[in-house]
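With mmCIF, C-alpha atoms (C1' of nucleotides) inside, this is model35.cif:
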```cif
data_structure
loop_
_atom_site.label_atom_id
_atom_site.label_comp_id
_atom_site.auth_asym_id
_atom_site.auth_seq_id
_atom_site.Cartn_x
_atom_site.Cartn_y
_atom_site.Cartn_z
CA MET F 1 -17.31 17.99 8.04
CA LYS F 2 -17.27 20.89 10.47
CA GLU F 3 -13.71 21.56 11.56
CA ASN F 4 -14.59 22.84 15.02
CA GLY F 5 -15.91 20.61 17.77
CA ALA F 6 -13.69 18.39 19.88
CA LYS F 7 -15.39 15.16 18.88
CA GLU F 8 -14.91 15.90 15.20
CA ARG F 9 -11.26 16.73 15.67
CA ILE F 10 -10.70 13.52 17.61
CA LEU F 11 -12.36 11.42 14.93
CA ASN F 12 -10.40 13.12 12.19
CA ALA F 13 -7.08 12.65 13.96
CA ALA F 14 -7.77 9.06 15.02
CA GLY F 15 -9.01 8.16 11.56
CA GLU F 16 -5.89 9.40 9.83
CA LEU F 17 -3.54 7.81 12.35
CA PHE F 18 -5.33 4.46 12.50
CA TYR F 19 -5.23 4.18 8.74
CA GLU F 20 -1.66 5.44 8.41
CA GLN F 21 -0.03 3.45 11.22
CA GLY F 22 -2.55 0.87 12.34
CA TYR F 23 -4.65 0.71 15.49
CA LEU F 24 -2.19 -0.73 18.00
CA ALA F 25 0.72 1.37 16.80
CA THR F 26 -1.30 4.53 17.43
CA GLY F 27 -1.30 5.78 21.00
CA ILE F 28 -3.88 7.90 22.75
CA ASN F 29 -1.19 10.50 23.33
CA GLN F 30 -0.55 10.81 19.62
CA ILE F 31 -4.25 11.19 18.88
CA ILE F 32 -4.80 14.01 21.38
CA GLU F 33 -1.67 15.78 20.19
CA GLU F 34 -2.81 15.64 16.57
CA ALA F 35 -6.34 16.69 17.54
CA GLY F 36 -5.06 19.49 19.76
CA ILE F 37 -7.13 18.54 22.79
CA ALA F 38 -6.47 17.21 26.30
CA LYS F 39 -6.54 13.56 27.19
CA ALA F 40 -9.50 13.86 29.53
CA SER F 41 -11.48 15.50 26.72
CA LEU F 42 -11.05 12.41 24.58
CA TYR F 43 -12.38 10.17 27.33
CA GLN F 44 -15.28 12.58 27.74
CA HIS F 45 -16.44 11.66 24.23
CA PHE F 46 -15.25 8.05 24.01
CA PRO F 47 -15.18 5.69 27.00
CA SER F 48 -12.20 3.73 25.67
CA LYS F 49 -9.81 3.36 22.77
CA ASP F 50 -11.86 0.40 21.62
CA ALA F 51 -14.98 2.56 21.37
CA LEU F 52 -12.96 4.97 19.26
CA LEU F 53 -12.09 2.13 16.90
CA THR F 54 -15.73 1.19 16.42
CA ALA F 55 -16.60 4.82 15.71
CA TYR F 56 -13.72 4.99 13.24
CA LEU F 57 -14.92 1.94 11.34
CA HIS F 58 -18.50 3.17 11.20
CA ARG F 59 -17.50 6.62 10.06
CA THR F 60 -15.02 5.33 7.49
CA ARG F 61 -17.58 2.96 6.05
CA LEU F 62 -20.09 5.74 5.48
CA HIS F 63 -17.42 8.10 4.16
CA ASN F 64 -15.93 5.57 1.74
CA HIS F 65 -19.37 4.55 0.58
CA GLU F 66 -20.23 8.15 -0.23
CA LEU F 67 -17.05 8.79 -2.19
CA ARG F 68 -17.40 5.55 -4.12
CA THR F 69 -21.04 6.15 -4.87
CA GLN F 70 -20.29 9.65 -6.11
CA PHE F 71 -17.77 8.23 -8.55
CA LEU F 72 -19.99 5.39 -9.72
CA ASN F 73 -23.11 7.52 -10.13
CA LYS F 74 -21.49 9.21 -13.11
CA LEU F 75 -21.44 5.90 -14.99
CA ALA F 76 -24.18 4.11 -16.89
CA PRO F 77 -25.67 1.10 -15.04
CA GLY F 78 -24.42 -2.26 -16.23
CA LYS F 79 -20.97 -2.96 -17.57
CA ASP F 80 -19.73 0.63 -17.34
CA LYS F 81 -20.71 0.99 -13.72
CA LEU F 82 -19.37 -2.43 -12.77
CA MET F 83 -16.03 -1.70 -14.44
CA GLY F 84 -16.06 1.58 -12.55
CA LEU F 85 -15.74 -0.35 -9.30
CA TYR F 86 -12.38 -1.71 -10.40
CA GLU F 87 -11.30 1.62 -11.82
CA TYR F 88 -12.20 3.38 -8.60
CA ARG F 89 -10.23 0.91 -6.52
CA LEU F 90 -7.28 1.30 -8.86
CA GLN F 91 -7.31 5.07 -8.48
CA HIS F 92 -7.77 4.71 -4.75
CA MET F 93 -4.78 2.38 -4.45
CA GLN F 94 -2.55 4.79 -6.28
CA SER F 95 -3.70 7.94 -4.51
CA ASN F 96 -3.15 6.43 -1.07
CA HIS F 97 0.19 4.84 -1.95
CA PHE F 98 -1.03 1.23 -1.70
CA LYS F 99 -1.86 1.31 1.98
CA GLY F 100 -4.73 -1.08 1.44
CA CYS F 101 -8.38 -1.30 2.44
CA ALA F 102 -9.02 0.19 5.88
CA PHE F 103 -11.40 -2.60 6.90
CA ILE F 104 -9.20 -5.47 5.83
CA ARG F 105 -6.25 -3.85 7.54
CA ILE F 106 -8.12 -3.73 10.86
CA ALA F 107 -9.59 -7.21 10.42
CA TYR F 108 -6.14 -8.72 9.97
CA GLU F 109 -4.43 -6.63 12.63
CA LEU F 110 -6.91 -7.55 15.37
CA PRO F 111 -7.87 -11.25 15.36
CA GLY F 112 -10.09 -10.81 18.41
CA LEU F 113 -12.17 -7.97 17.04
CA SER F 114 -15.45 -7.13 18.80
CA ASP F 115 -18.66 -8.28 17.16
CA GLU F 116 -19.68 -4.69 16.67
CA ALA F 117 -16.47 -3.82 14.81
CA MET F 118 -16.56 -7.04 12.79
CA ALA F 119 -20.11 -6.20 11.71
CA GLN F 120 -18.89 -2.96 10.12
CA ILE F 121 -16.31 -4.88 8.13
CA ARG F 122 -18.77 -7.52 6.97
CA THR F 123 -21.27 -4.85 6.02
CA HIS F 124 -18.66 -3.16 3.85
CA SER F 125 -17.87 -6.41 2.08
CA GLN F 126 -21.55 -7.17 1.64
CA THR F 127 -22.14 -3.73 0.16
CA ILE F 128 -19.56 -4.35 -2.56
CA ARG F 129 -21.03 -7.75 -3.33
CA THR F 130 -24.56 -6.40 -3.57
CA PHE F 131 -23.40 -3.69 -5.96
CA ILE F 132 -21.77 -6.31 -8.19
CA THR F 133 -24.92 -8.44 -8.18
CA GLU F 134 -27.11 -5.48 -9.10
CA GLN F 135 -24.96 -4.53 -12.07
CA LEU F 136 -24.83 -8.13 -13.26
CA LEU F 137 -28.63 -8.16 -13.30
CA VAL F 138 -28.62 -5.04 -15.46
CA ILE F 139 -26.24 -6.66 -17.90
CA ARG F 140 -28.30 -9.83 -18.13
CA LYS F 141 -31.80 -9.45 -16.77
CA ASN F 142 -32.67 -13.16 -16.87
CA PHE F 143 -29.61 -14.37 -14.97
CA PRO F 144 -30.35 -17.76 -13.37
CA GLU F 145 -30.08 -17.41 -9.59
CA ASN F 146 -27.20 -19.86 -9.00
CA GLU F 147 -25.16 -18.59 -11.97
CA LEU F 148 -25.67 -15.02 -10.78
CA GLU F 149 -24.38 -15.81 -7.30
CA GLU F 150 -21.44 -17.70 -8.71
CA MET F 151 -20.44 -14.88 -11.02
CA ALA F 152 -20.80 -12.29 -8.26
CA ASP F 153 -18.55 -14.33 -5.98
CA MET F 154 -16.00 -14.69 -8.72
CA LEU F 155 -15.94 -10.98 -9.48
CA LEU F 156 -15.68 -10.17 -5.79
CA ASN F 157 -12.80 -12.61 -5.37
CA LEU F 158 -10.98 -11.11 -8.34
CA TYR F 159 -11.56 -7.65 -6.91
CA GLU F 160 -10.20 -8.53 -3.49
CA GLY F 161 -7.44 -10.76 -4.82
CA ALA F 162 -6.13 -8.04 -7.09
CA GLY F 163 -6.34 -5.56 -4.23
CA LEU F 164 -4.27 -7.86 -2.07
CA GLN F 165 -1.65 -8.51 -4.73
CA GLY F 166 -1.39 -4.82 -5.44
CA TYR F 167 -0.87 -4.16 -1.76
CA ILE F 168 1.86 -6.78 -1.44
CA LEU F 169 3.69 -5.64 -4.55
CA LYS F 170 2.91 -1.91 -4.09
CA SER F 171 1.92 -1.91 -7.74
CA PRO F 172 -1.17 -1.02 -9.79
CA LYS F 173 -0.46 -3.86 -12.20
CA PRO F 174 -2.56 -6.63 -10.59
CA MET F 175 -5.64 -4.40 -10.59
CA GLU F 176 -4.97 -3.14 -14.13
CA ASP F 177 -4.63 -6.68 -15.42
CA THR F 178 -7.72 -7.79 -13.53
CA LYS F 179 -9.71 -4.95 -15.05
CA LYS F 180 -8.92 -6.25 -18.53
CA VAL F 181 -9.82 -9.82 -17.63
CA VAL F 182 -13.11 -8.74 -16.05
CA ALA F 183 -13.98 -6.58 -19.06
CA ARG F 184 -13.60 -9.56 -21.36
CA LEU F 185 -15.46 -11.80 -18.95
CA LEU F 186 -18.46 -9.48 -18.92
CA ASP F 187 -18.64 -9.51 -22.71
CA THR F 188 -19.33 -13.25 -22.68
CA LEU F 189 -22.54 -12.83 -20.66
CA MET D 1 12.33 -29.69 15.70
CA LYS D 2 14.46 -30.33 18.76
CA GLU D 3 12.60 -29.27 21.86
CA ASN D 4 15.68 -28.33 23.85
CA GLY D 5 17.81 -25.29 23.04
CA ALA D 6 16.80 -21.79 24.10
CA LYS D 7 16.71 -20.39 20.58
CA GLU D 8 14.32 -23.10 19.42
CA ARG D 9 12.02 -22.54 22.35
CA ILE D 10 11.98 -18.81 21.72
CA LEU D 11 11.10 -19.28 18.05
CA ASN D 12 8.37 -21.77 18.86
CA ALA D 13 6.80 -19.52 21.47
CA ALA D 14 7.09 -16.35 19.40
CA GLY D 15 5.76 -18.11 16.32
CA GLU D 16 2.65 -19.35 18.04
CA LEU D 17 1.96 -16.03 19.78
CA PHE D 18 2.62 -13.86 16.72
CA TYR D 19 0.20 -15.93 14.69
CA GLU D 20 -2.40 -16.21 17.42
CA GLN D 21 -2.43 -12.60 18.62
CA GLY D 22 -0.47 -10.59 16.10
CA TYR D 23 2.98 -9.04 16.39
CA LEU D 24 2.25 -5.82 18.27
CA ALA D 25 -0.19 -7.44 20.67
CA THR D 26 2.49 -9.92 21.72
CA GLY D 27 4.92 -8.64 24.34
CA ILE D 28 8.46 -9.77 24.99
CA ASN D 29 7.40 -10.72 28.50
CA GLN D 30 4.78 -13.08 27.16
CA ILE D 31 7.25 -14.71 24.81
CA ILE D 32 9.84 -15.43 27.50
CA GLU D 33 7.20 -16.73 29.86
CA GLU D 34 5.86 -19.11 27.22
CA ALA D 35 9.38 -20.16 26.26
CA GLY D 36 10.42 -20.57 29.87
CA ILE D 37 13.59 -18.48 29.62
CA ALA D 38 14.85 -15.19 31.02
CA LYS D 39 14.54 -11.91 29.15
CA ALA D 40 18.27 -11.39 28.77
CA SER D 41 18.52 -14.84 27.18
CA LEU D 42 16.16 -13.76 24.42
CA TYR D 43 18.28 -10.72 23.64
CA GLN D 44 21.33 -12.99 23.61
CA HIS D 45 19.87 -14.73 20.54
CA PHE D 46 17.96 -11.88 18.92
CA PRO D 47 19.11 -8.25 19.04
CA SER D 48 15.55 -6.87 18.94
CA LYS D 49 11.90 -7.80 18.65
CA ASP D 50 12.09 -6.80 15.00
CA ALA D 51 14.84 -9.34 14.35
CA LEU D 52 12.60 -11.95 15.96
CA LEU D 53 9.85 -11.04 13.52
CA THR D 54 12.10 -11.52 10.52
CA ALA D 55 13.22 -14.89 11.86
CA TYR D 56 9.59 -15.84 12.42
CA LEU D 57 8.63 -14.99 8.84
CA HIS D 58 11.57 -16.88 7.38
CA ARG D 59 10.95 -19.93 9.50
CA THR D 60 7.21 -19.93 8.87
CA ARG D 61 7.73 -19.64 5.13
CA LEU D 62 9.97 -22.70 5.05
CA HIS D 63 7.70 -24.64 7.40
CA ASN D 64 4.50 -23.84 5.50
CA HIS D 65 6.19 -24.62 2.20
CA GLU D 66 7.23 -28.04 3.45
CA LEU D 67 3.77 -28.95 4.74
CA ARG D 68 2.09 -27.75 1.57
CA THR D 69 4.57 -29.55 -0.66
CA GLN D 70 4.10 -32.78 1.28
CA PHE D 71 0.37 -32.57 0.67
CA LEU D 72 0.67 -31.66 -3.00
CA ASN D 73 3.31 -34.29 -3.78
CA LYS D 74 0.70 -36.99 -3.33
CA LEU D 75 -1.25 -35.62 -6.30
CA ALA D 76 -0.73 -36.09 -10.03
CA PRO D 77 0.79 -33.05 -11.79
CA GLY D 78 -1.70 -30.95 -13.72
CA LYS D 79 -5.30 -30.36 -12.76
CA ASP D 80 -5.25 -32.65 -9.71
CA LYS D 81 -2.25 -30.95 -8.21
CA LEU D 82 -3.53 -27.46 -8.97
CA MET D 83 -6.88 -28.23 -7.40
CA GLY D 84 -4.93 -29.58 -4.44
CA LEU D 85 -3.69 -26.06 -3.74
CA TYR D 86 -7.24 -24.87 -3.11
CA GLU D 87 -8.13 -28.00 -1.17
CA TYR D 88 -5.08 -27.58 1.03
CA ARG D 89 -5.94 -23.97 1.78
CA LEU D 90 -9.50 -24.99 2.57
CA GLN D 91 -8.34 -27.61 5.06
CA HIS D 92 -5.83 -25.18 6.49
CA MET D 93 -8.48 -22.51 7.01
CA GLN D 94 -10.70 -24.92 8.89
CA SER D 95 -8.00 -26.50 11.04
CA ASN D 96 -6.72 -23.12 12.23
CA HIS D 97 -10.19 -21.66 12.80
CA PHE D 98 -9.97 -19.07 9.99
CA LYS D 99 -7.13 -17.09 11.45
CA GLY D 100 -5.80 -16.31 7.99
CA CYS D 101 -2.47 -16.42 6.18
CA ALA D 102 0.44 -15.59 8.49
CA PHE D 103 2.17 -13.43 5.87
CA ILE D 104 -0.84 -11.39 4.88
CA ARG D 105 -1.67 -10.85 8.53
CA ILE D 106 1.76 -9.37 9.19
CA ALA D 107 1.78 -7.37 5.96
CA TYR D 108 -1.49 -5.66 6.87
CA GLU D 109 -0.67 -5.20 10.53
CA LEU D 110 2.63 -3.43 9.92
CA PRO D 111 2.49 -0.88 7.09
CA GLY D 112 6.11 0.11 7.59
CA LEU D 113 7.54 -3.37 7.35
CA SER D 114 11.30 -3.73 6.81
CA ASP D 115 12.52 -4.65 3.35
CA GLU D 116 13.85 -7.92 4.69
CA ALA D 117 10.49 -8.89 6.18
CA MET D 118 8.59 -7.73 3.11
CA ALA D 119 10.84 -9.88 0.95
CA GLN D 120 9.74 -13.00 2.83
CA ILE D 121 6.11 -12.14 2.19
CA ARG D 122 6.66 -11.47 -1.50
CA THR D 123 8.65 -14.67 -1.87
CA HIS D 124 5.76 -16.62 -0.38
CA SER D 125 3.30 -15.03 -2.80
CA GLN D 126 5.65 -15.64 -5.72
CA THR D 127 6.05 -19.28 -4.74
CA ILE D 128 2.30 -19.84 -4.98
CA ARG D 129 2.14 -18.09 -8.32
CA THR D 130 5.02 -20.12 -9.75
CA PHE D 131 3.34 -23.34 -8.63
CA ILE D 132 0.14 -22.33 -10.42
CA THR D 133 2.04 -21.48 -13.60
CA GLU D 134 3.86 -24.81 -13.58
CA GLN D 135 0.67 -26.80 -13.26
CA LEU D 136 -1.02 -24.79 -16.00
CA LEU D 137 1.86 -25.69 -18.31
CA VAL D 138 1.31 -29.37 -17.52
CA ILE D 139 -2.38 -29.05 -18.35
CA ARG D 140 -1.69 -27.30 -21.63
CA LYS D 141 1.88 -27.58 -22.81
CA ASN D 142 1.58 -25.07 -25.64
CA PHE D 143 0.12 -22.26 -23.55
CA PRO D 144 0.83 -18.90 -25.24
CA GLU D 145 2.96 -16.78 -22.88
CA ASN D 146 0.53 -13.92 -22.35
CA GLU D 147 -2.50 -16.16 -21.90
CA LEU D 148 -0.55 -18.26 -19.42
CA GLU D 149 0.36 -15.24 -17.31
CA GLU D 150 -3.18 -13.95 -17.43
CA MET D 151 -4.64 -17.25 -16.32
CA ALA D 152 -2.09 -17.62 -13.53
CA ASP D 153 -2.93 -14.15 -12.23
CA MET D 154 -6.60 -14.93 -12.34
CA LEU D 155 -6.21 -18.18 -10.44
CA LEU D 156 -4.00 -16.48 -7.88
CA ASN D 157 -6.54 -13.69 -7.41
CA LEU D 158 -9.35 -16.19 -6.94
CA TYR D 159 -7.21 -18.07 -4.43
CA GLU D 160 -6.40 -14.99 -2.39
CA GLY D 161 -9.83 -13.44 -2.78
CA ALA D 162 -11.56 -16.58 -1.51
CA GLY D 163 -9.07 -16.77 1.35
CA LEU D 164 -9.90 -13.22 2.32
CA GLN D 165 -13.67 -13.70 2.12
CA GLY D 166 -13.39 -16.88 4.16
CA TYR D 167 -11.43 -14.99 6.78
CA ILE D 168 -13.94 -12.16 6.99
CA LEU D 169 -16.93 -14.48 7.18
CA LYS D 170 -15.16 -17.20 9.20
CA SER D 171 -16.58 -19.66 6.74
CA PRO D 172 -15.25 -22.33 4.35
CA LYS D 173 -17.93 -21.50 1.79
CA PRO D 174 -16.04 -18.93 -0.32
CA MET D 175 -13.15 -21.34 -0.81
CA GLU D 176 -15.47 -24.29 -1.47
CA ASP D 177 -17.36 -22.32 -4.10
CA THR D 178 -14.15 -21.08 -5.65
CA LYS D 179 -12.86 -24.64 -5.90
CA LYS D 180 -15.86 -25.57 -8.03
CA VAL D 181 -15.50 -22.56 -10.28
CA VAL D 182 -11.78 -23.19 -10.78
CA ALA D 183 -12.39 -26.87 -11.55
CA ARG D 184 -14.78 -25.93 -14.33
CA LEU D 185 -12.47 -23.20 -15.55
CA LEU D 186 -9.59 -25.65 -15.93
CA ASP D 187 -11.74 -27.98 -18.03
CA THR D 188 -12.10 -25.31 -20.70
CA LEU D 189 -8.34 -25.17 -21.32
"C1'" DG R 1 -16.67 20.26 28.80
"C1'" DT R 2 -11.95 21.16 28.85
"C1'" DC R 3 -8.00 21.36 31.32
"C1'" DT R 4 -3.43 19.77 34.36
"C1'" DA R 5 -1.58 16.36 36.97
"C1'" DT R 6 -1.29 11.83 38.14
"C1'" DA R 7 -2.01 6.67 38.57
"C1'" DT R 8 -0.85 2.10 37.42
"C1'" DA R 9 0.69 -1.23 34.37
"C1'" DT R 10 3.50 -2.71 30.68
"C1'" DT R 11 6.53 -1.89 26.93
"C1'" DG R 12 11.25 -3.07 24.63
"C1'" DA R 13 15.79 -3.24 26.14
"C1'" DT R 14 20.34 -3.44 29.48
"C1'" DA R 15 23.71 -3.97 33.36
"C1'" DG R 16 26.08 -6.89 35.78
"C1'" DA R 17 26.40 -11.15 38.81
"C1'" DC R 18 27.22 -16.05 38.26
"C1'" DG W 1 24.88 -18.32 28.14
"C1'" DT W 2 21.51 -17.82 31.53
"C1'" DC W 3 20.01 -15.47 35.25
"C1'" DT W 4 17.87 -11.31 38.52
"C1'" DA W 5 17.08 -6.67 38.88
"C1'" DT W 6 16.29 -2.55 36.80
"C1'" DC W 7 16.04 1.03 33.24
"C1'" DA W 8 13.50 4.92 30.78
"C1'" DA W 9 9.64 5.39 27.96
"C1'" DT W 10 5.05 4.82 26.98
"C1'" DA W 11 0.54 2.58 27.33
"C1'" DT W 12 -4.55 3.39 28.65
"C1'" DA W 13 -7.23 5.54 31.85
"C1'" DT W 14 -8.83 8.83 35.98
"C1'" DA W 15 -9.18 12.46 39.66
"C1'" DG W 16 -10.26 16.81 40.50
"C1'" DA W 17 -9.75 21.94 39.61
"C1'" DC W 18 -11.82 25.46 36.72
#
```

Show how you would write the structure in this file as structure tokens.
Amino acid sequence: MKENGAKERILNAAGELFYEQGYLATGINQIIEEAGIAKASLYQHFPSKDALLTAYLHRTRLHNHELRTQFLNKLAPGKDKLMGLYEYRLQHMQSNHFKGCAFIRIAYELPGLSDEAMAQIRTHSQTIRTFITEQLLVIRKNFPENELEEMADMLLNLYEGAGLQGYILKSPKPMEDTKKVVARLLDTL
Amino acid sequence: MKENGAKERILNAAGELFYEQGYLATGINQIIEEAGIAKASLYQHFPSKDALLTAYLHRTRLHNHELRTQFLNKLAPGKDKLMGLYEYRLQHMQSNHFKGCAFIRIAYELPGLSDEAMAQIRTHSQTIRTFITEQLLVIRKNFPENELEEMADMLLNLYEGAGLQGYILKSPKPMEDTKKVVARLLDTL
DNA sequence: GTCTATATATTGATAGAC
DNA sequence: GTCTATCAATATATAGAC
């Protein structure tokens, strides 16, 4: 991430503020102040605040994916790697003070989200689900198709449910408990 | 719900708009127009928009609880009633066009929620969890304490996770699939 | 491409008449 | 208690000089 360049500074400032405060609560004025540029410069690079949101979601998706993949690549495929997903989320929740998933935050804040923005959110969710499915196939190579899908959905629901409970309670406990349950569940396969 | 009375009309209008559009996207002007009252009349009954939000959450919690309880009271305690929780959420998701849980929406939209507002959201979540625990105890009266808690957490996570996936995909499928999985899970107890 | 200055609309909230 | 009229602040966005 090169620190110079107006566009980069805008994206960095907007990204932090959108995640910290939410999209609607963040004003253009606050973004340009944080980025240290003039208002007209922002509109030179982005035609509207909405376009800035779409860019934020795209950028965050790629960034989060890279960080997560870096963490998971250190683990052996199969159970270790799959458990790593929950461990990574747990660490992420604690390091960002339980501010929740950036995509879910935006999806719930803005009911009338553009198709383009919604696509970023769905792609993120799909990425997690695909990862789960892949690791399940490593654990049990001859998984019957319907059982595989069912188990993947269940693990995804537990993942998201625990994330939500942790957010509401501002506590790591739901994710910690879920990790244990999932670990035992995987041993029965 | 008496239709006359300024306060009632304000709460009805604000409730619908907050849920439909979100809190920040809803302006005071829109609320008073919908309610058919003057701006100063709103501030006669509520000192600030924030106070109106707290009242909205409290009122919605009681209202939702009553509707849900009415539905569940028709079912036999135990597995039937517990499955009714998922069925009710499924019907709710479809009838409101997948606009999501009012409490989770607010919790994600406003990271710096007041303690009073946050308490309403936590109480709602706790109410669902207590209901699940009670029905589990009907299904298996001698449930060991730690296993009971673990199963309740798991069922709550599946409930919330499926709700979230359904919201993202605007589809009943995640909740339908989860219903089936939970039904089979309860048979193993 | 970046700036200053400005435009227009809307925000949450109040004063004061009735 | 309900109203009209108005407040200061802020919202997103643009015009035009450099």

Expected selection from the PyMOL selection byres ((chain F and resi 151-162) around 6), given as a list in words: Thr133, Leu148, Glu149, Glu150, Gly163, Leu164, Gln165, Gly166, Pro174 and Met175 of chain F; Asn157, Leu158, Glu160, Gly161 and Ala162 of chain D

Write the selection just made, keeping C-alpha atoms, as a PDB file, keeping the file's coordinate frame?
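And here is the file that came out, again_15.pdb:
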```
ATOM      1  CA  THR F 133     -24.920  -8.440  -8.180  1.00  0.00           C
ATOM      2  CA  LEU F 148     -25.670 -15.020 -10.780  1.00  0.00           C
ATOM      3  CA  GLU F 149     -24.380 -15.810  -7.300  1.00  0.00           C
ATOM      4  CA  GLU F 150     -21.440 -17.700  -8.710  1.00  0.00           C
ATOM      5  CA  GLY F 163      -6.340  -5.560  -4.230  1.00  0.00           C
ATOM      6  CA  LEU F 164      -4.270  -7.860  -2.070  1.00  0.00           C
ATOM      7  CA  GLN F 165      -1.650  -8.510  -4.730  1.00  0.00           C
ATOM      8  CA  GLY F 166      -1.390  -4.820  -5.440  1.00  0.00           C
ATOM      9  CA  PRO F 174      -2.560  -6.630 -10.590  1.00  0.00           C
ATOM     10  CA  MET F 175      -5.640  -4.400 -10.590  1.00  0.00           C
TER      11      MET F 175
ATOM     12  CA  ASN D 157      -6.540 -13.690  -7.410  1.00  0.00           C
ATOM     13  CA  LEU D 158      -9.350 -16.190  -6.940  1.00  0.00           C
ATOM     14  CA  GLU D 160      -6.400 -14.990  -2.390  1.00  0.00           C
ATOM     15  CA  GLY D 161      -9.830 -13.440  -2.780  1.00  0.00           C
ATOM     16  CA  ALA D 162     -11.560 -16.580  -1.510  1.00  0.00           C
TER      17      ALA D 162
END
```

Evaluate the PyMOL selection byres ((chain F) within 9 of (chain W)) and report residues as an MDAnalysis selection string: chainID F and resid 27:28 40 43 48:49

Residues in the PyMOL selection byres ((chain D and resi 35) around 12), expressed as a list of chain:residue names: D:Glu3, D:Asn4, D:Gly5, D:Ala6, D:Lys7, D:Glu8, D:Arg9, D:Ile10, D:Leu11, D:Asn12, D:Ala13, D:Ala14, D:Gly15, D:Glu16, D:Leu17, D:Ile28, D:Asn29, D:Gln30, D:Ile31, D:Ile32, D:Glu33, D:Glu34, D:Gly36, D:Ile37, D:Ala38, D:Lys39, D:Ser41, D:Leu42

Interatomic distance (Å, one decimal) between CA of Leu185 in chain F and CA of Tyr167 in chain D: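 About the pair CA of Leu185 in chain F and CA of Tyr167 in chain D: they are 26.2 Å apart.
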
Residue nearest Val181 in chain F - candidates D:Asp80, D:Glu147, D:Asp50, D:Glu134, atoms counted: only C-alpha atoms: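 Closest to Val181 in chain F, using only C-alpha atoms: D:Glu147.
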
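Using all atoms listed in the file, the smallest distance between any of F:Arg129, F:Arg61, F:Arg140, F:Lys81 and Phe103 in chain F comes from F:Arg61.
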
Point-to-point distance from CA of Met118 in chain D to CA of Leu85 in chain F, Å rounded to tenths: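 Atom-to-atom, CA of Met118 in chain D to CA of Leu85 in chain F, that is 28.3 Å.
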
Using all atoms listed in the file, tabulate the residues of chain R lying at most 12 Å from any atom of chain F, each with its closest atom pair and that distance in Å to one decimal, by chain and increasing residue number, as a Markdown table.
```
| residue | atom | partner | partner_atom | distance |
| --- | --- | --- | --- | --- |
| R:DG1 | C1' | F:Ser41 | CA | 7.3 |
| R:DT2 | C1' | F:Ser41 | CA | 6.1 |
| R:DC3 | C1' | F:Ala38 | CA | 6.7 |
| R:DT4 | C1' | F:Ala38 | CA | 9.0 |
| R:DA5 | C1' | F:Ala40 | CA | 11.2 |
```

Restrict the selected residues to C-alpha atoms (C1' of nucleotides) and save them as a CSV table (one decimal), in the coordinates of the input.
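Contents of the output file result26.csv:
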```
chain,number,residue,atom,x,y,z
R,1,DG,C1',-16.7,20.3,28.8
R,2,DT,C1',-12.0,21.2,28.8
R,3,DC,C1',-8.0,21.4,31.3
R,4,DT,C1',-3.4,19.8,34.4
R,5,DA,C1',-1.6,16.4,37.0
```

For CA of Met83 in chain D and CA of Gln126 in chain F, the interatomic separation in Å (one decimal): 27.2 Å

Closest of D:Arg122, D:His58, D:Lys79, D:His65 to chain F - atom-to-atom distances counting only C-alpha atoms: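 Using only C-alpha atoms, the shortest distance to chain F belongs to D:Arg122.
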
Generate the coordinates of N, CA, C and O atoms for range 46-52 of chain D; report them as an mmCIF file, keeping the file's coordinate frame.
```cif
data_model
loop_
_atom_site.group_PDB
_atom_site.id
_atom_site.type_symbol
_atom_site.label_atom_id
_atom_site.label_comp_id
_atom_site.auth_asym_id
_atom_site.auth_seq_id
_atom_site.Cartn_x
_atom_site.Cartn_y
_atom_site.Cartn_z
ATOM 1 N N PHE D 46 18.533 -12.816 19.895
ATOM 2 C CA PHE D 46 17.960 -11.880 18.920
ATOM 3 C C PHE D 46 18.182 -10.451 19.408
ATOM 4 O O PHE D 46 17.789 -10.123 20.533
ATOM 5 N N PRO D 47 18.755 -9.600 18.610
ATOM 6 C CA PRO D 47 19.110 -8.250 19.040
ATOM 7 C C PRO D 47 17.892 -7.364 19.309
ATOM 8 O O PRO D 47 18.009 -6.378 20.025
ATOM 9 N N SER D 48 16.737 -7.704 18.750
ATOM 10 C CA SER D 48 15.550 -6.870 18.940
ATOM 11 C C SER D 48 14.302 -7.688 18.613
ATOM 12 O O SER D 48 14.381 -8.778 18.036
ATOM 13 N N LYS D 49 13.159 -7.138 18.974
ATOM 14 C CA LYS D 49 11.900 -7.800 18.650
ATOM 15 C C LYS D 49 11.726 -7.864 17.132
ATOM 16 O O LYS D 49 11.162 -8.827 16.597
ATOM 17 N N ASP D 50 12.203 -6.842 16.453
ATOM 18 C CA ASP D 50 12.090 -6.800 15.000
ATOM 19 C C ASP D 50 12.871 -7.944 14.343
ATOM 20 O O ASP D 50 12.405 -8.550 13.374
ATOM 21 N N ALA D 51 14.039 -8.229 14.891
ATOM 22 C CA ALA D 51 14.840 -9.340 14.350
ATOM 23 C C ALA D 51 14.106 -10.658 14.564
ATOM 24 O O ALA D 51 14.181 -11.569 13.728
ATOM 25 N N LEU D 52 13.386 -10.744 15.678
ATOM 26 C CA LEU D 52 12.600 -11.950 15.960
ATOM 27 C C LEU D 52 11.472 -12.116 14.948
ATOM 28 O O LEU D 52 11.142 -13.227 14.531
#
```
